$ cat data-v1.tsv   # TSV, C-alpha atoms and all ligand atoms
chain	number	residue	atom	x	y	z
P	1	MET	CA	0.00	0.00	0.00
P	2	ASN	CA	1.50	3.40	-0.97
P	3	ASP	CA	1.12	6.57	1.13
P	4	ASP	CA	-1.84	7.90	-0.84
P	5	GLU	CA	-3.69	4.65	-0.39
P	6	ALA	CA	-2.83	4.46	3.30
P	7	LEU	CA	-4.14	8.00	3.87
P	8	SER	CA	-7.39	7.51	2.02
P	9	ALA	CA	-10.44	7.02	4.21
P	10	ASN	CA	-11.30	3.82	2.35
P	11	ALA	CA	-8.19	2.08	3.58
P	12	TRP	CA	-9.16	2.85	7.19
P	13	GLY	CA	-12.81	2.01	6.93
P	14	PRO	CA	-15.39	4.58	8.03
P	15	LEU	CA	-13.82	7.48	9.92
P	16	ALA	CA	-15.58	9.76	12.39
P	17	LEU	CA	-14.01	13.10	11.42
P	18	ALA	CA	-16.65	15.23	13.13
P	19	PRO	CA	-19.15	13.88	15.65
P	20	SER	CA	-22.79	13.83	14.51
P	21	ILE	CA	-24.94	15.92	16.80
P	22	GLY	CA	-28.66	16.31	17.45
P	23	VAL	CA	-30.89	18.63	19.48
P	24	VAL	CA	-34.12	16.94	20.49
P	25	GLY	CA	-37.08	18.86	21.93
P	26	LEU	CA	-39.37	16.82	24.20
P	27	GLY	CA	-42.89	18.16	24.72
P	28	GLY	CA	-44.14	21.70	23.98
P	29	ALA	CA	-41.48	23.87	25.60
P	30	GLY	CA	-38.63	21.61	24.42
P	31	SER	CA	-39.85	21.73	20.81
P	32	GLU	CA	-40.17	25.52	20.91
P	33	ALA	CA	-36.62	25.77	22.19
P	34	VAL	CA	-35.32	23.56	19.35
P	35	GLN	CA	-37.08	25.87	16.92
P	36	ASP	CA	-35.35	28.91	18.45
P	37	LEU	CA	-31.95	27.16	18.37
P	38	THR	CA	-32.44	26.33	14.69
P	39	ALA	CA	-33.40	29.94	13.95
P	40	LEU	CA	-30.20	31.12	15.66
P	41	GLY	CA	-28.18	28.70	13.51
P	42	ILE	CA	-26.72	25.33	14.46
P	43	PRO	CA	-25.13	24.17	11.21
P	44	GLY	CA	-24.72	20.44	10.76
P	45	VAL	CA	-26.87	19.64	13.79
P	46	ARG	CA	-30.04	17.54	13.38
P	47	ALA	CA	-33.15	19.13	14.89
P	48	ILE	CA	-35.87	16.79	16.16
P	49	ALA	CA	-39.16	17.37	18.03
P	50	VAL	CA	-40.88	14.59	19.98
P	51	ASN	CA	-44.34	15.19	21.39
P	52	THR	CA	-47.57	13.47	22.37
P	53	ASP	CA	-49.45	16.53	21.11
P	54	ALA	CA	-50.08	16.28	17.35
P	55	ALA	CA	-51.38	19.83	16.96
P	56	HIS	CA	-48.27	21.26	18.58
P	57	LEU	CA	-46.04	19.07	16.40
P	58	LEU	CA	-47.81	20.24	13.25
P	59	ARG	CA	-47.33	23.88	14.28
P	60	THR	CA	-43.63	23.61	15.03
P	61	GLY	CA	-41.15	24.33	12.29
P	62	VAL	CA	-38.70	21.64	13.48
P	63	GLU	CA	-37.50	19.49	10.58
P	64	GLU	CA	-37.89	15.97	12.05
P	65	ARG	CA	-41.05	15.40	14.06
P	66	ILE	CA	-42.04	12.32	16.03
P	67	LEU	CA	-45.51	11.74	17.48
P	68	LEU	CA	-45.35	9.44	20.47
P	69	GLY	CA	-48.15	7.34	21.96
P	70	HIS	CA	-50.77	8.14	19.32
P	71	ARG	CA	-52.71	4.98	20.18
P	72	GLU	CA	-53.07	5.70	23.91
P	73	LEU	CA	-53.12	9.49	23.84
P	74	ARG	CA	-54.64	10.01	20.39
P	75	GLY	CA	-52.34	12.92	19.62
P	76	ARG	CA	-53.87	15.11	22.31
P	77	GLY	CA	-50.92	15.52	24.71
P	78	SER	CA	-50.73	14.00	28.17
P	79	GLY	CA	-52.35	16.77	30.21
P	80	GLY	CA	-49.54	16.56	32.74
P	81	ASN	CA	-49.70	12.78	33.18
P	82	ARG	CA	-46.14	11.42	33.41
P	83	ALA	CA	-47.24	7.82	33.91
P	84	LEU	CA	-49.17	7.75	30.62
P	85	VAL	CA	-46.20	9.19	28.76
P	86	LEU	CA	-43.84	6.66	30.32
P	87	ARG	CA	-46.04	3.82	29.12
P	88	ALA	CA	-46.06	5.26	25.60
P	89	ALA	CA	-42.28	5.77	25.79
P	90	GLU	CA	-41.71	2.11	26.73
P	91	GLU	CA	-43.71	1.05	23.69
P	92	GLY	CA	-41.98	3.49	21.35
P	93	LYS	CA	-38.50	3.02	22.88
P	94	GLU	CA	-36.97	0.94	20.10
P	95	GLU	CA	-38.17	3.25	17.36
P	96	LEU	CA	-37.02	6.35	19.27
P	97	LEU	CA	-33.55	4.93	19.87
P	98	ARG	CA	-33.30	3.79	16.27
P	99	ARG	CA	-33.93	7.38	15.15
P	100	LEU	CA	-31.17	8.64	17.45
P	101	GLU	CA	-28.62	5.83	17.12
P	102	SER	CA	-26.37	7.49	14.52
P	103	LEU	CA	-25.87	10.54	16.74
P	104	GLU	CA	-22.80	10.89	18.96
P	105	ILE	CA	-23.99	13.85	21.05
P	106	VAL	CA	-27.67	14.41	21.78
P	107	PHE	CA	-28.98	17.47	23.63
P	108	LEU	CA	-32.40	16.60	25.11
P	109	LEU	CA	-34.50	19.68	25.91
P	110	ALA	CA	-37.66	19.87	28.03
P	111	GLY	CA	-39.63	22.38	30.08
P	112	LEU	CA	-40.46	20.69	33.38
P	113	GLY	CA	-43.92	20.59	34.93
P	114	GLY	CA	-45.96	19.02	32.12
P	115	GLY	CA	-46.22	15.29	31.43
P	116	THR	CA	-44.45	14.74	28.13
P	117	GLY	CA	-41.10	16.51	28.55
P	118	SER	CA	-40.84	15.71	32.28
P	119	ALA	CA	-41.29	11.97	31.62
P	120	LEU	CA	-39.28	11.63	28.41
P	121	LEU	CA	-36.20	13.52	29.55
P	122	PRO	CA	-34.98	11.08	32.24
P	123	PHE	CA	-36.31	8.12	30.24
P	124	LEU	CA	-34.28	8.93	27.12
P	125	THR	CA	-31.23	10.11	29.06
P	126	ARG	CA	-31.09	6.76	30.85
P	127	ALA	CA	-31.63	4.81	27.62
P	128	LEU	CA	-28.89	6.73	25.78
P	129	ARG	CA	-26.42	6.45	28.67
P	130	SER	CA	-26.25	2.71	28.04
P	131	THR	CA	-25.13	3.41	24.43
P	132	ASP	CA	-22.07	5.23	23.05
P	133	THR	CA	-24.04	8.44	22.57
P	134	LEU	CA	-23.29	11.35	24.90
P	135	ALA	CA	-26.69	12.49	26.22
P	136	VAL	CA	-26.88	16.06	27.54
P	137	PRO	CA	-30.23	16.69	29.26
P	138	VAL	CA	-31.29	20.35	29.40
P	139	VAL	CA	-34.14	21.26	31.75
P	140	PHE	CA	-36.10	24.50	31.94
P	141	LEU	CA	-37.29	24.92	35.51
P	142	PRO	CA	-40.74	26.56	35.59
P	143	PHE	CA	-41.53	29.94	37.10
P	144	GLN	CA	-42.29	29.78	40.81
P	145	VAL	CA	-45.91	30.90	40.25
P	146	GLU	CA	-46.48	27.93	37.93
P	147	ILE	CA	-45.88	25.44	40.73
P	148	ASP	CA	-46.87	27.39	43.84
P	149	ASN	CA	-50.49	26.28	43.72
P	150	ASN	CA	-50.20	23.23	41.52
P	151	GLN	CA	-49.07	20.10	43.30
P	152	THR	CA	-49.10	17.92	40.14
P	153	ARG	CA	-46.73	20.26	38.34
P	154	ARG	CA	-44.53	20.50	41.40
P	155	ASP	CA	-44.42	16.69	41.71
P	156	ASN	CA	-43.50	16.35	38.04
P	157	VAL	CA	-40.64	18.82	38.42
P	158	GLU	CA	-39.38	17.15	41.60
P	159	ALA	CA	-39.50	13.64	40.17
P	160	THR	CA	-37.66	14.60	37.01
P	161	VAL	CA	-34.93	16.70	38.61
P	162	SER	CA	-34.13	14.15	41.30
P	163	GLU	CA	-34.01	11.33	38.77
P	164	LEU	CA	-31.60	13.28	36.57
P	165	GLU	CA	-29.43	14.31	39.49
P	166	GLN	CA	-29.20	10.74	40.77
P	167	MET	CA	-28.15	9.58	37.31
P	168	GLY	CA	-25.15	11.93	37.33
P	169	GLY	CA	-23.32	12.95	34.14
P	170	LEU	CA	-23.84	16.23	32.32
P	171	LEU	CA	-26.95	18.19	33.24
P	172	VAL	CA	-27.88	21.72	32.22
P	173	ALA	CA	-30.61	23.33	34.35
P	174	LEU	CA	-31.89	26.74	33.28
P	175	ALA	CA	-34.24	28.38	35.75
P	176	ASN	CA	-37.05	30.51	34.30
P	177	GLU	CA	-37.14	32.38	37.60
P	178	LYS	CA	-33.73	33.83	36.76
P	179	LEU	CA	-35.33	35.55	33.77
P	180	ARG	CA	-37.24	37.90	36.05
P	181	ARG	CA	-34.79	40.65	35.22
P	182	PHE	CA	-36.37	40.67	31.73
P	183	GLU	CA	-39.92	40.79	33.06
P	184	THR	CA	-40.91	43.86	31.08
P	185	LEU	CA	-40.38	41.95	27.80
P	186	PRO	CA	-43.19	39.96	26.15
P	187	ILE	CA	-43.14	36.34	27.37
P	188	HIS	CA	-41.98	34.78	24.08
P	189	ARG	CA	-39.08	37.25	23.99
P	190	VAL	CA	-38.10	36.21	27.53
P	191	PHE	CA	-37.93	32.58	26.37
P	192	GLN	CA	-35.88	33.71	23.37
P	193	VAL	CA	-33.35	35.33	25.72
P	194	ARG	CA	-33.03	32.01	27.58
P	195	ASN	CA	-32.75	30.09	24.33
P	196	ALA	CA	-30.03	32.43	23.07
P	197	TYR	CA	-28.04	31.57	26.20
P	198	LEU	CA	-28.71	27.87	25.59
P	199	HIS	CA	-27.56	28.37	22.00
P	200	SER	CA	-24.19	29.64	23.29
P	201	LEU	CA	-23.88	26.56	25.55
P	202	VAL	CA	-24.69	24.13	22.72
P	203	THR	CA	-22.48	25.79	20.10
P	204	SER	CA	-19.57	26.17	22.55
P	205	LEU	CA	-19.60	22.48	23.47
P	206	VAL	CA	-19.97	21.42	19.84
P	207	ASP	CA	-17.19	23.76	18.74
P	208	MET	CA	-14.88	22.54	21.51
P	209	VAL	CA	-15.09	18.89	20.48
P	210	GLU	CA	-15.52	19.37	16.74
P	211	ASN	CA	-12.69	21.71	15.84
P	212	PRO	CA	-9.08	20.79	16.51
P	213	SER	CA	-7.14	22.95	18.97
P	214	GLN	CA	-3.47	23.30	19.83
P	215	LEU	CA	-4.26	21.62	23.14
P	216	ASN	CA	-7.14	19.50	22.05
P	217	VAL	CA	-10.33	18.51	23.87
P	218	ASP	CA	-12.13	16.07	21.62
P	219	LEU	CA	-15.27	14.02	22.20
P	220	ALA	CA	-13.32	11.03	23.49
P	221	SER	CA	-11.47	13.13	26.09
P	222	LEU	CA	-14.70	14.83	27.14
P	223	LYS	CA	-16.37	11.44	27.65
P	224	ASN	CA	-13.38	10.19	29.58
P	225	HIS	CA	-13.45	13.22	31.81
P	226	LEU	CA	-17.18	12.85	32.47
P	227	ARG	CA	-16.88	9.19	33.40
P	228	ASP	CA	-15.44	9.99	36.85
P	229	ALA	CA	-16.86	13.47	37.30
P	230	GLY	CA	-20.25	12.63	38.85
P	231	LEU	CA	-22.98	15.21	38.35
P	232	SER	CA	-21.58	17.88	36.01
P	233	THR	CA	-22.67	21.02	34.24
P	234	LEU	CA	-21.63	23.29	31.43
P	235	LEU	CA	-20.56	26.95	31.65
P	236	VAL	CA	-19.61	29.50	29.02
P	237	GLY	CA	-18.18	32.99	29.20
P	238	GLU	CA	-16.63	35.58	26.96
P	239	TYR	CA	-14.66	38.59	28.13
P	240	HIS	CA	-11.96	41.07	27.20
P	241	ILE	CA	-8.55	39.46	27.05
P	242	SER	CA	-7.08	41.89	29.60
P	243	GLU	CA	-9.34	40.66	32.44
P	244	PRO	CA	-9.16	36.86	32.78
P	245	GLU	CA	-10.48	37.00	36.36
P	246	ARG	CA	-13.63	38.78	35.18
P	247	LEU	CA	-14.05	36.12	32.49
P	248	VAL	CA	-14.25	33.38	35.11
P	249	GLN	CA	-16.46	35.49	37.37
P	250	GLN	CA	-18.85	36.14	34.49
P	251	ALA	CA	-19.03	32.48	33.47
P	252	LEU	CA	-19.77	31.43	37.06
P	253	THR	CA	-22.33	34.06	38.00
P	254	ASP	CA	-23.93	35.50	34.90
P	255	SER	CA	-25.66	32.30	33.96
P	256	LEU	CA	-29.06	30.76	34.46
P	257	LEU	CA	-27.55	27.75	36.18
P	258	ASP	CA	-27.75	26.99	39.84
P	259	PHE	CA	-25.72	24.21	41.41
P	260	HIS	CA	-23.77	23.62	44.57
P	261	LEU	CA	-20.30	22.13	44.76
P	262	SER	CA	-19.44	18.94	46.56
P	263	ASP	CA	-16.06	18.56	48.23
P	264	ARG	CA	-14.62	16.84	45.13
P	265	PRO	CA	-15.14	19.22	42.21
P	266	SER	CA	-13.39	18.85	38.87
P	267	ALA	CA	-13.12	21.02	35.76
P	268	LEU	CA	-12.43	20.64	32.10
P	269	VAL	CA	-11.71	24.05	30.61
P	270	HIS	CA	-11.28	25.18	27.03
P	271	LEU	CA	-10.13	28.65	26.00
P	272	ASP	CA	-10.60	29.97	22.49
P	273	GLY	CA	-8.73	33.17	21.65
P	274	GLY	CA	-6.62	35.06	19.13
P	275	SER	CA	-2.88	35.03	18.48
P	276	ASN	CA	-2.51	37.42	21.46
P	277	LEU	CA	-3.75	34.78	23.93
P	278	THR	CA	-0.71	34.30	26.16
P	279	LEU	CA	0.33	31.58	28.55
P	280	ARG	CA	-0.01	34.19	31.30
P	281	THR	CA	-3.69	34.76	30.50
P	282	LEU	CA	-4.32	31.03	30.47
P	283	ASP	CA	-2.56	30.73	33.80
P	284	ARG	CA	-4.69	33.53	35.35
P	285	VAL	CA	-7.91	31.89	34.12
P	286	LEU	CA	-6.94	28.50	35.54
P	287	ARG	CA	-5.80	29.94	38.87
P	288	THR	CA	-8.99	31.95	39.32
P	289	LEU	CA	-11.20	29.01	38.42
P	290	SER	CA	-9.23	26.73	40.70
P	291	GLU	CA	-9.70	29.15	43.61
P	292	ARG	CA	-13.42	29.56	42.96
P	293	LEU	CA	-13.86	25.79	42.87
P	294	ASN	CA	-11.92	25.28	46.11
P	295	GLN	CA	-8.95	23.56	44.43
P	296	PRO	CA	-10.55	20.91	42.22
P	297	ASP	CA	-9.37	17.31	42.25
P	298	ARG	CA	-8.80	17.34	38.52
P	299	LEU	CA	-8.33	20.27	36.18
P	300	VAL	CA	-7.95	19.49	32.48
P	301	PHE	CA	-7.51	22.27	29.95
P	302	GLY	CA	-7.35	22.87	26.22
P	303	THR	CA	-6.73	25.97	24.11
P	304	ARG	CA	-7.32	27.09	20.58
P	305	VAL	CA	-5.35	30.03	19.22
P	306	ARG	CA	-6.61	31.67	16.03
P	307	PRO	CA	-4.15	33.07	13.47
P	308	GLU	CA	-5.36	36.65	14.02
P	309	PRO	CA	-5.41	38.64	17.31
P	310	ARG	CA	-8.74	38.92	19.17
P	311	GLU	CA	-10.02	41.35	21.77
P	312	VAL	CA	-12.01	38.68	23.59
P	313	VAL	CA	-11.37	35.21	24.86
P	314	HIS	CA	-14.10	32.56	24.98
P	315	LEU	CA	-14.28	30.02	27.80
P	316	THR	CA	-16.14	26.70	27.81
P	317	ALA	CA	-16.03	24.66	31.02
P	318	VAL	CA	-17.47	21.39	32.24
P	319	ILE	CA	-17.65	21.52	36.03
P	320	GLY	CA	-18.00	18.16	37.75
P	321	GLY	CA	-18.56	16.89	41.27
P	322	LEU	CA	-21.75	18.87	41.87
P	323	LYS	CA	-23.92	18.16	44.85
P	324	THR	CA	-27.44	16.90	44.40
P	325	ARG	CA	-29.88	18.98	46.40
P	326	SER	CA	-33.47	18.70	47.33
P	327	VAL	CA	-35.58	20.18	44.57
P	328	ARG	CA	-37.15	22.54	47.05
P	329	GLU	CA	-33.69	23.97	47.59
P	330	ALA	CA	-33.12	24.16	43.83
P	331	LEU	CA	-36.32	26.05	43.22
P	332	GLU	CA	-36.01	28.32	46.21
P	333	SER	CA	-32.45	29.25	45.40
P	334	THR	CA	-33.60	30.66	42.08
P	335	ASN	CA	-35.43	33.49	43.82
P	336	GLU	CA	-32.37	35.67	44.14
P	337	ILE	CA	-31.06	36.38	40.72
P	338	THR	CA	-27.88	38.07	41.90
P	339	ARG	CA	-26.72	35.11	43.97
P	340	PRO	CA	-23.51	33.47	42.71
P	341	VAL	CA	-23.95	30.15	40.95
P	342	PHE	CA	-21.54	28.26	43.16
P	343	VAL	CA	-22.09	28.41	46.85
P	344	HIS	CA	-19.74	26.36	49.01
D	1	LIG	N1	-40.99	28.12	25.92
D	1	LIG	C1	-42.17	27.56	26.11
D	1	LIG	N2	-42.49	27.11	27.34
D	1	LIG	C2	-43.66	26.53	27.49
D	1	LIG	C3	-44.53	26.40	26.39
D	1	LIG	N3	-45.60	25.79	26.82
D	1	LIG	C4	-45.41	25.53	28.12
D	1	LIG	N4	-44.25	25.98	28.54
D	1	LIG	C5	-43.73	25.80	29.89
D	1	LIG	O1	-42.97	24.57	29.89
D	1	LIG	C6	-43.32	23.75	30.98
D	1	LIG	C7	-43.83	22.41	30.50
D	1	LIG	O2	-44.96	22.57	29.64
D	1	LIG	P1	-45.09	21.80	28.27
D	1	LIG	O3	-43.79	21.79	27.54
D	1	LIG	O4	-46.27	22.33	27.56
D	1	LIG	O5	-45.43	20.34	28.76
D	1	LIG	P2	-45.27	19.01	27.94
D	1	LIG	O6	-43.93	18.49	28.19
D	1	LIG	O7	-45.66	19.26	26.52
D	1	LIG	O8	-46.30	18.05	28.66
D	1	LIG	P3	-47.88	17.83	28.47
D	1	LIG	O9	-48.38	18.92	27.57
D	1	LIG	O10	-48.42	17.89	29.87
D	1	LIG	O11	-48.00	16.47	27.89
D	1	LIG	C8	-44.32	24.56	31.76
D	1	LIG	O12	-43.60	25.15	32.83
D	1	LIG	C9	-44.85	25.58	30.81
D	1	LIG	O13	-45.21	26.79	31.43
D	1	LIG	C10	-44.16	26.88	25.12
D	1	LIG	O14	-44.87	26.78	24.16
D	1	LIG	N5	-42.95	27.46	25.04
D	2	MG	MG	-47.60	19.66	25.73

$ encode --input "data-v1.tsv" --output "structure tokens" --more "lines below"
Ligand SMILES: Nc1nc2c(ncn2[C@@H]2O[C@H](COP(=O)(O)OP(=O)(O)OP(=O)(O)O)[C@@H](O)[C@H]2O)c(=O)[nH]1
Ligand SMILES: [Mg+2]
Amino acid sequence: MNDDEALSANAWGPLALAPSIGVVGLGGAGSEAVQDLTALGIPGVRAIAVNTDAAHLLRTGVEERILLGHRELRGRGSGGNRALVLRAAEEGKEELLRRLESLEIVFLLAGLGGGTGSALLPFLTRALRSTDTLAVPVVFLPFQVEIDNNQTRRDNVEATVSELEQMGGLLVALANEKLRRFETLPIHRVFQVRNAYLHSLVTSLVDMVENPSQLNVDLASLKNHLRDAGLSTLLVGEYHISEPERLVQQALTDSLLDFHLSDRPSALVHLDGGSNLTLRTLDRVLRTLSERLNQPDRLVFGTRVRPEPREVVHLTAVIGGLKTRSVREALESTNEITRPVFVH
């Protein structure tokens, strides 16, 4: 075999040059979020909506649409009934997994409180975790008023969050209550603000593993890191290159996430900057993060330096070793929007 032959993909069999990625909306809120992500642009990513509500599915502009449980629920949604959705999910499990099996990273999105998204999110996360696919569940926690006087909704939220937290692995939790600072905007615009933030989380993670860096963090190293990291979450930040400490501060506090650290935190950090990104800046970012996380057990980092100089540096971080809390705590802690994300 000559060099040309040896380097051709045919000689090596099928090669995975870039991971295949999907965003999957579960239920009404999840599907709407997928639509917003698509509108903001997620090139190369498959967009899928799964719902028990046929009318909602027909309305959504998501390219691939899957109606679940049409025999039992007749396309009318679950009306908040998790148990009915779970039964339909068991029946449709093989077909659902078959539709997702070629994907290497799957973001699963759901607004908690209803029946469909709240039931399908832990169900599919668990099913995918026994495959090679990296499942990233994303939950939207409802506004406090939605659950204050509605025990069914509250129970649905509690059951789903605790199941996901017990499962460990990557979990993104975005609290609607933290959007109160935008309360003078129309409601759909408020959700768009949240979805724009989610868009930055999704594209940052995809970009980190898809595009080669000088110090590379690829999908295999991310999966390796997550294996021992326990419950983990994703952070992003972007700041002027002259203030690395502010970059870390911004990523930790200016988010819609709310988690507490255990005594064994870990971090995988990726910095993306211009040709003016120095070792000193990298060092200041890592030191600040390390301090804020109370000296993590493991700190892995990667960097990508672009050929041209840049005023800003972009940070993507996977923080592991988070503590599971009671859901009451999770919901109550969202009342204060200025509170730092990580509280020791
Ligand atoms: N962004 C957005 N959020 C919604 C929408 N509809 C409901 N929500 C919120 O999302 C949470 C879950 O509601 P849905 O997504 O409608 O529930 P579902 O998963 O479809 O479940 P069922 O309809 O009960 O089968 C609730 O807190 C809602 O207030 C929507 O169209 N867009
Ligand atoms: Mg619905």

$ residues_near_ligand --input "data-v1.tsv" --ligand "ligand MG 2 (chain D)" --cutoff "6 Å" --atoms "all atoms listed in the file" --output "number ranges by chain"
P: 27-28, 53, 77

$ write_last_selection --input "data-v1.tsv" --atoms "C-alpha atoms" --output "PDB file, in the frame of the given file"
ATOM      1  CA  GLY P  27     -42.890  18.160  24.720  1.00  0.00           C
ATOM      2  CA  GLY P  28     -44.140  21.700  23.980  1.00  0.00           C
ATOM      3  CA  ASP P  53     -49.450  16.530  21.110  1.00  0.00           C
ATOM      4  CA  GLY P  77     -50.920  15.520  24.710  1.00  0.00           C
TER       5      GLY P  77
END

$ atom_distance --input "data-v1.tsv" --atom1 "atom CA of P:Gly30" --atom2 "atom CA of P:Leu121"
9.9 Å

$ residues_around --input "data-v1.tsv" --residues "stretch 95-105 of chain P" --least-positions-apart "6" --cutoff "9 Å" --atoms "only C-alpha atoms" --output "PyMOL selection string"
chain P and resi 19-23+46+66+68+89+124+127-128+131-136+206+219

$ residues_near_ligand --input "data-v1.tsv" --ligand "ligand LIG 1 (chain D)" --cutoff "6 Å" --atoms "all atoms listed in the file" --output "ChimeraX atom specification"
/P:27-29,32,77-80,111-118,142,191

$ closest_residue --input "data-v1.tsv" --among "P:Thr60, P:Ser31, P:Thr52, P:Gln166" --to "P:Leu108" --atoms "all atoms listed in the file"
P:Ser31

$ residues_around --input "data-v1.tsv" --residues "stretch 139-141 of chain P" --least-positions-apart "3" --cutoff "6 Å" --atoms "only C-alpha atoms" --output "count of residues only"
7

$ residues_near_point --input "data-v1.tsv" --point "(-30.3, 35.0, 16.0)" --cutoff "12 Å" --atoms "all atoms listed in the file" --output "PyMOL selection string"
chain P and resi 35-42+192-193+195-197+199-200

$ axis_aligned_box --input "data-v1.tsv" --around "stretch 230-234 of chain P" --padding-each-side "6 Å" --output "lines of an AutoDock Vina configuration file"
center_x = -21.6
center_y = 18.0
center_z = 35.1
size_x = 14.7
size_y = 22.7
size_z = 19.4

$ atom_distance --input "data-v1.tsv" --atom1 "atom CA of P:Asn294" --atom2 "atom CA of P:Arg129"
29.5 Å

$ residues_around --input "data-v1.tsv" --residues "P:Ala119" --least-positions-apart "4" --cutoff "8 Å" --atoms "all atoms listed in the file" --output "list in words"
Arg82, Ala83, Val85, Leu86, Gly115, Phe123 and Thr160 of chain P

$ closest_residue --input "data-v1.tsv" --among "P:Pro309, P:Gly69, P:Pro265, P:Pro212" --to "P:Ala54" --atoms "only C-alpha atoms"
P:Gly69

$ residues_around --input "data-v1.tsv" --residues "P:Gly320" --least-positions-apart "6" --cutoff "8 Å" --atoms "all atoms listed in the file" --output "PyMOL selection string"
chain P and resi 226+229-233+265-267

$ residues_near_point --input "data-v1.tsv" --point "(-16.1, 27.0, 13.1)" --cutoff "12 Å" --atoms "all atoms listed in the file" --output "count of residues only"
18

$ residues_around --input "data-v1.tsv" --residues "P:Glu72" --least-positions-apart "6" --cutoff "9 Å" --atoms "only C-alpha atoms" --output "CSV table (one decimal) with C-alpha atoms, keeping the file's coordinate frame"
chain,number,residue,atom,x,y,z
P,84,LEU,CA,-49.2,7.8,30.6
P,87,ARG,CA,-46.0,3.8,29.1
P,88,ALA,CA,-46.1,5.3,25.6

$ atom_distance --input "data-v1.tsv" --atom1 "atom CA of P:Ala251" --atom2 "atom CA of P:Gly237"
4.4 Å
